[in-house]
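A.B. asks: Just dropping this structure here.
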Amino acid sequence: MARQTWDEEVDLLVAGSGAAALSAAIAAADEGLTVLVVESTDKWGGTTAISGGGLWMPNHPEMAKLGKQDSPAKVREYMDVTIGDVGPASSDERRDAYIATVPKVFNDWKRLGIRWALSADYPDYYPDKPGGMDGGRAIETEPFDAKRLGSWFESSRAMMPAPLKTDDVWLLTRAWSSRDGFARGAQFVGRTLKGVATGKKYYGLGGAYTGHLMATAKELGVEVRLRTPITAVVKDDAGAVIGAEVATPGGIKRIATRAGVMLGTGGFARNAEWRREHHGIDGYSSAPEGDLGTGIQVGIDAGADVALMDDAWWGASILMPNGEAQFSVNERSDPYSIIVDQSGQRFCNESASYIDVGHAILERHKTVPAIHSWMITERRHARRFLNNAALQGLGKLKKAGSVVEADTLEELAAKLGMDWDVLQATVTRFNGFCATGVDEDFDRGRTAYDNYYGDPSLKNPNLGPIEKGPFRAFTIVPGDLGTKGGLLTDEHARVLDTDGAPIEGLYAAGNTTASVMGRTYPGAGSTIGPATVFGYLGAKHAAGRLTSITK
């Protein structure tokens with residue numbers, strides 16, 4: 001190979017700026033490495049910044065503060081039962097590495113000044129499964145003061161300019177229909193006013209986590225460049241990655257790397273061509289526009305293997321007038337609502353985890369048209385619970401056909417093109433379940449996770465009859481929080497080639513990789529938790545590799 005020429009040199013080059021990338025940058029800088037972060041768009045934070053910001057961190061060091069008992073064995077049992085065998089993406093080694101590293105990340109981030117907020121009440125998504133828990137494993141950070149980053153925060157993707165936490169949402173959605181919801185609403189208002197009074201500019205949810213990460217990275221001396229997509233990695237004669245090429249306004253730059261390259265560029269949710277190839281649909285994603293599969297392609301070009309490309313972090317979403325989709329969490333779970341296919345029949349537990357509902361829509365569509373489906377609600381749903389899509393303006397939604405309204409169910413069926421007898425039978429049967437408190441068809445409301453969003457005053461918190469008009473039907477599509485498939489990596493976050501061997505010097509984490517969670521979603525933060533942990537693990541391994549090389 002001809003002698004390489006470089007424009008500059010760093011220890012670790014990190015591509016991307018979400019949880020995976022920034023976690024790698026922090027962990028590497030904390031080890032004393034020089035780190036350069038390159039982000040392809042003009043905004044930093046990735047999908048993490050516009051997410052709920054939670055991390056599934058089982059057996060974290062402060063479980064006891066919540067009165068919870070957890071253990072590595074318990075977590076491993078739960079992961080084995082819920083994930084099953086999905087191949088090397090979720091190997092025994094990767095599961096064990098994830099579980100073992102959670103406490104290390106938790107403590108290291110805390111040492112570096114990141115303030116954790118615990119969630120005692122957010123259950124695992126399958127709390128009834130062996131090893132499952134009814135709360136405690138999901139964590140997040142305290143709200144972030146944007147003033148800490150000064151003008152740099154202006155280029156953040158953060159969307160929640162208020163001190164809102166994920167742990168607030170389940171109660172705030174019923175702030176005007178229950179005493180505990182009203183109390184949490186008052187707490188949130190008080191927290192907001194306190195921030196204003198003290199001159200803080202608080203951001204919550206995913207913007208809070210990425211804000212904390214970026215501030216920490218900056219304090220550790222990490223350089224971040226926007227509008228600088230990675231285009232390729234460079235290998236030496238032995239096949240080890242020794243650098244990368246990035247695009248800049250002045251042309252391609254070649255950057256030498258002493259420790260390696262970390263790919264944390266996200267998935268391919270906004271790559272319509274790949275979505276059609278791997279998922280059979282263009283996609284209705286909540287991921288940002290830069291989620292094009294760039295890092296995955298860079299890895300493939302370097303000889304990497306991929307897996308789970310046919311899957312995503314699915315979830316029922318409400319179609320918006322601009323063609324985008326509003327991810328639905330509490331709306332479909334709250335009582336006085338059902339989801340039906342285009343024939344007017346229920347086909348799933350509406351209160352199940354979002355990925356299960358998304359999978360159910362896709363599976364139903366194979367036999368009965370279900371893309372799109374309809375979420376049918378009645379008057380009490382609108383009056384008692386928060387509907388995030390409706391906040392965008394019901395008039396706009398109705399004009400676009402995303403919401404259809406009628407005074408009677410028979411009139412609604414006609415407007416939706418459904419056989420009234422079929423819809424009537426569906427609603428009659430569902431209302432019978434509401435009376436008994438038991439959903440005999442799909443077990444809606446059976447688990448603590450189902451009940452998390454609902455009305456605890458009802459016999460079954462998730463079952464409320466559909467009987468009082470006006471009635472509304474919201475267009476439901478299989479949206480997603482990002483894609484699940486990508487580069488195969490090992491327990492050190494090293495990218496694996498098509499023979500299953502690590503590509504030396506090349507690491508990946510987050511949605512750029514095939515998820516350790518396989519095809520399921522064990523608990524809140526099952527995207528950001530592994531992104532953080534494997535970003536950290538990759539950086540630590542790269543630091544050790546650098547030490548070995550320089551000896």
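By order in the structure tokens, chains are A, B, ...; within a chain, residues start at 1; ligands start at 1, following the order shown.
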As a PyMOL selection string, which residues of region 357-397 of chain A does DSSP assign to alpha helix (DSSP H)?
C.D. replies: chain A and resi 357-364+379-384+394-397
A.B. asks: Give me, as a PDB file with C-alpha atoms, in the first residue's frame, all polymer residues having an atom no more than 6 Å from Thr141 (chain A), counting only C-alpha atoms and skipping those fewer than 3 positions away in the same chain.
C.D. replies:
```pdb
ATOM      1  CA  ARG A 115     -27.242  14.219  37.349  1.00  0.00           C
ATOM      2  CA  TRP A 116     -29.416  11.129  37.164  1.00  0.00           C
ATOM      3  CA  ALA A 117     -33.153  11.096  37.833  1.00  0.00           C
ATOM      4  CA  TYR A 209     -29.626  13.950  28.155  1.00  0.00           C
TER       5      TYR A 209
END
```
A.B. asks: So, counting only C-alpha atoms, which residue among A:Trp56, A:Phe385, A:Trp44, A:Trp274 is closest to Arg227 (chain A)?
C.D. replies: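 For Arg227 (chain A), the nearest of the candidates is A:Trp44.
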A.B. asks: Would you mind telling me which residue in A:Phe144, A:Ala272, A:Ser402, A:Leu409 lies nearest to Lys200 (chain A) when using only C-alpha atoms?
C.D. replies: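 Selected residue with least distance to Lys200 (chain A): A:Phe144.
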A.B. asks: Please identify all polymer residues within 7 Å of Ala256 (chain A), counting only C-alpha atoms, omitting same-chain residues fewer than 4 positions from it, and present them as a PyMOL selection string.
C.D. replies: chain A and resi 6+8-10+242-244
A.B. asks: So, with only C-alpha atoms as the atoms that count, which of A:Val81, A:Ala120, A:Met214, A:Leu205 lies closest to Arg148 (chain A)?
C.D. replies: A:Met214
A.B. asks: Determine, counting only C-alpha atoms, which protein, DNA and RNA residues have an atom within 12 Å of an atom of Leu220 (chain A); residues of the same chain fewer than 3 positions away are not included. Present the result as a ChimeraX atom specification.
C.D. replies: /A:22,25-36,112-113,213-217,223-224
A.B. asks: Using C-alpha atoms, can you export the residues from the last selection as a PDB file, in the first residue's frame?
C.D. replies:
```pdb
ATOM      1  CA  LEU A  22     -21.214  11.360  22.640  1.00  0.00           C
ATOM      2  CA  ALA A  25     -16.417  10.671  23.023  1.00  0.00           C
ATOM      3  CA  ILE A  26     -16.761  11.200  26.779  1.00  0.00           C
ATOM      4  CA  ALA A  27     -15.408   7.782  27.726  1.00  0.00           C
ATOM      5  CA  ALA A  28     -12.407   8.218  25.415  1.00  0.00           C
ATOM      6  CA  ALA A  29     -11.657  11.767  26.535  1.00  0.00           C
ATOM      7  CA  ASP A  30     -11.951  10.647  30.151  1.00  0.00           C
ATOM      8  CA  GLU A  31      -9.146   8.178  29.357  1.00  0.00           C
ATOM      9  CA  GLY A  32      -7.005  11.038  28.079  1.00  0.00           C
ATOM     10  CA  LEU A  33      -7.521  10.471  24.327  1.00  0.00           C
ATOM     11  CA  THR A  34      -7.831  13.304  21.832  1.00  0.00           C
ATOM     12  CA  VAL A  35     -11.306  13.013  20.332  1.00  0.00           C
ATOM     13  CA  LEU A  36     -12.933  14.562  17.281  1.00  0.00           C
ATOM     14  CA  LEU A 112     -18.351  13.620  35.636  1.00  0.00           C
ATOM     15  CA  GLY A 113     -21.276  15.705  36.878  1.00  0.00           C
ATOM     16  CA  LEU A 213     -23.525  14.704  27.318  1.00  0.00           C
ATOM     17  CA  MET A 214     -22.437  17.550  25.062  1.00  0.00           C
ATOM     18  CA  ALA A 215     -21.545  19.816  27.987  1.00  0.00           C
ATOM     19  CA  THR A 216     -19.494  17.026  29.552  1.00  0.00           C
ATOM     20  CA  ALA A 217     -17.749  16.271  26.261  1.00  0.00           C
ATOM     21  CA  GLU A 223     -13.967  19.001  19.445  1.00  0.00           C
ATOM     22  CA  VAL A 224     -17.282  18.783  17.556  1.00  0.00           C
TER      23      VAL A 224
END
```
A.B. asks: Could you pull out all residues of region 347-433 of chain A with a DSSP call of strand (DSSP E) and give them as a list in words?
C.D. replies: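 Selection result, strand (DSSP E) within region 347-433 of chain A: Ser373, Trp374, Met375, Ile376, Thr377, Val403, Val404, Glu405 and Ala406 of chain A.
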A.B. asks: Output N, CA and C atoms for every residue in that selection, as a CSV table (one decimal), in the first residue's frame.
C.D. replies:
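What ended up in again.csv:
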```
chain,number,residue,atom,x,y,z
A,373,SER,N,-54.5,2.0,9.9
A,373,SER,CA,-55.6,1.5,10.7
A,373,SER,C,-56.2,2.8,11.3
A,374,TRP,N,-57.2,2.6,12.2
A,374,TRP,CA,-57.9,3.7,12.9
A,374,TRP,C,-57.9,3.5,14.4
A,375,MET,N,-57.6,4.6,15.1
A,375,MET,CA,-57.8,4.6,16.5
A,375,MET,C,-59.1,5.4,16.8
A,376,ILE,N,-60.2,4.6,17.2
A,376,ILE,CA,-61.5,5.2,17.5
A,376,ILE,C,-61.6,5.6,18.9
A,377,THR,N,-62.0,6.8,19.2
A,377,THR,CA,-62.1,7.3,20.5
A,377,THR,C,-63.5,8.0,20.7
A,403,VAL,N,-58.0,12.9,10.8
A,403,VAL,CA,-59.0,12.6,11.9
A,403,VAL,C,-60.4,12.8,11.2
A,404,VAL,N,-61.2,11.8,11.5
A,404,VAL,CA,-62.6,11.8,11.0
A,404,VAL,C,-63.5,11.8,12.2
A,405,GLU,N,-64.5,12.7,12.2
A,405,GLU,CA,-65.4,12.9,13.4
A,405,GLU,C,-66.8,12.7,13.0
A,406,ALA,N,-67.6,12.1,13.9
A,406,ALA,CA,-69.0,11.9,13.6
A,406,ALA,C,-69.8,11.9,15.0
```
A.B. asks: When distances are computed from only C-alpha atoms, which of A:Lys74, A:Lys235, A:Arg137, A:Arg383 shows the smallest separation from Ser526 (chain A)?
C.D. replies: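 Between A:Lys74, A:Lys235, A:Arg137, A:Arg383, the residue approaching Ser526 (chain A) most closely is A:Arg137.
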A.B. asks: Would you please work out which residue, of A:Gly482, A:Gly395, A:Gly87, A:Gly132, is nearest to Gly283 (chain A) when using only C-alpha atoms?
C.D. replies: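 Closest to Gly283 (chain A), using only C-alpha atoms: A:Gly482.
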A.B. asks: Could you check which of A:Glu504, A:Asp85, A:Asp439, A:Glu77 is closest to Arg545 (chain A), using only C-alpha atoms?
C.D. replies: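 For Arg545 (chain A), the nearest of the candidates is A:Glu504.
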A.B. asks: Find the residues of region 243-342 of chain A that sit at most 10 Å from region 88-109 of chain A; for each, write down the nearest two atoms and how far apart they are in Å, to one decimal. Count only C-alpha atoms. Sort by chain, then by number going up, and give it as JSON lines.
C.D. replies:
```
{"residue": "A:Val306", "atom": "CA", "partner": "A:Ala89", "partner_atom": "CA", "distance": 8.9}
{"residue": "A:Ala307", "atom": "CA", "partner": "A:Ala89", "partner_atom": "CA", "distance": 7.0}
{"residue": "A:Leu308", "atom": "CA", "partner": "A:Ala89", "partner_atom": "CA", "distance": 8.1}
```
A.B. asks: Could you write out that same residue set with N, CA and C atoms as a JSON list (two decimals), in the first residue's frame?
C.D. replies:
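Contents of part_16.json, freshly written:
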```
[["chain", "number", "residue", "atom", "x", "y", "z"],
["A", 306, "VAL", "N", -24.02, -7.35, 8.54],
["A", 306, "VAL", "CA", -25.19, -6.68, 9.11],
["A", 306, "VAL", "C", -26.23, -7.71, 9.53],
["A", 307, "ALA", "N", -27.17, -7.28, 10.37],
["A", 307, "ALA", "CA", -28.27, -8.15, 10.81],
["A", 307, "ALA", "C", -29.45, -7.30, 11.23],
["A", 308, "LEU", "N", -30.61, -7.94, 11.31],
["A", 308, "LEU", "CA", -31.87, -7.31, 11.75],
["A", 308, "LEU", "C", -32.29, -6.13, 10.88]]
```
A.B. asks: Counting only C-alpha atoms, what is within 8 Å of Asn431 (chain A), bar same-chain residues fewer than 5 positions away, as a ChimeraX atom specification?
C.D. replies: /A:464-466
A.B. asks: Any chance you could export the current selection's C-alpha atoms as a PDB file, in the first residue's frame?
C.D. replies:
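Result file again39.pdb:
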```pdb
ATOM      1  CA  GLY A 464     -63.448   2.303  28.885  1.00  0.00           C
ATOM      2  CA  PRO A 465     -66.535   1.772  26.691  1.00  0.00           C
ATOM      3  CA  ILE A 466     -67.009   3.413  23.313  1.00  0.00           C
TER       4      ILE A 466
END
```
A.B. asks: What lies within 6 Å of Gly535 (chain A) using only C-alpha atoms, ignoring chain neighbours under 4 positions off, as a compact mmCIF listing (two decimals) with N, CA and C atoms, in the first residue's frame?
C.D. replies:
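Below is the file result23.txt, written as the result:
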```
# COMPACT_ATOMS: atom_id res chain seq x y z
N ALA A 20 -24.93 7.37 21.50
CA ALA A 20 -23.82 6.44 21.24
C ALA A 20 -22.53 7.20 20.99
N SER A 23 -21.36 9.39 24.08
CA SER A 23 -20.89 8.52 25.16
C SER A 23 -19.49 8.02 24.85
N ALA A 24 -19.26 7.63 23.61
CA ALA A 24 -17.92 7.19 23.21
C ALA A 24 -16.92 8.33 23.36
N ALA A 509 -21.95 1.72 17.63
CA ALA A 509 -22.93 1.61 18.72
C ALA A 509 -24.21 2.32 18.31
N ALA A 531 -27.13 2.18 23.49
CA ALA A 531 -26.31 3.14 22.73
C ALA A 531 -25.25 3.74 23.64
```
A.B. asks: Please list as a compact mmCIF listing (two decimals) with C-alpha atoms, in the first residue's frame every residue within 10 Å of Asp70 (chain A), counting only C-alpha atoms and excluding residues in the same chain fewer than 6 positions away.
C.D. replies:
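This went into out_3.txt:
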```
# COMPACT_ATOMS: atom_id res chain seq x y z
CA PRO A 58 -31.14 -2.52 34.91
CA ASN A 59 -29.34 -3.18 38.18
CA HIS A 60 -28.00 0.37 38.34
CA PRO A 61 -26.30 1.32 41.62
CA MET A 63 -31.94 0.63 42.81
CA ALA A 64 -31.91 0.29 46.60
CA GLY A 131 -36.99 -11.46 35.84
CA GLY A 132 -39.29 -8.58 34.96
CA MET A 133 -39.85 -5.66 37.33
CA GLY A 136 -36.88 1.12 38.80
CA ARG A 137 -34.82 0.08 35.79
```
A.B. asks: Please, what distance in Å, to one decimal, runs between CA of Asp168 (chain A) and CA of Glu289 (chain A)?
C.D. replies: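 So the two atoms, CA of Asp168 (chain A) and CA of Glu289 (chain A), lie 28.0 Å apart.
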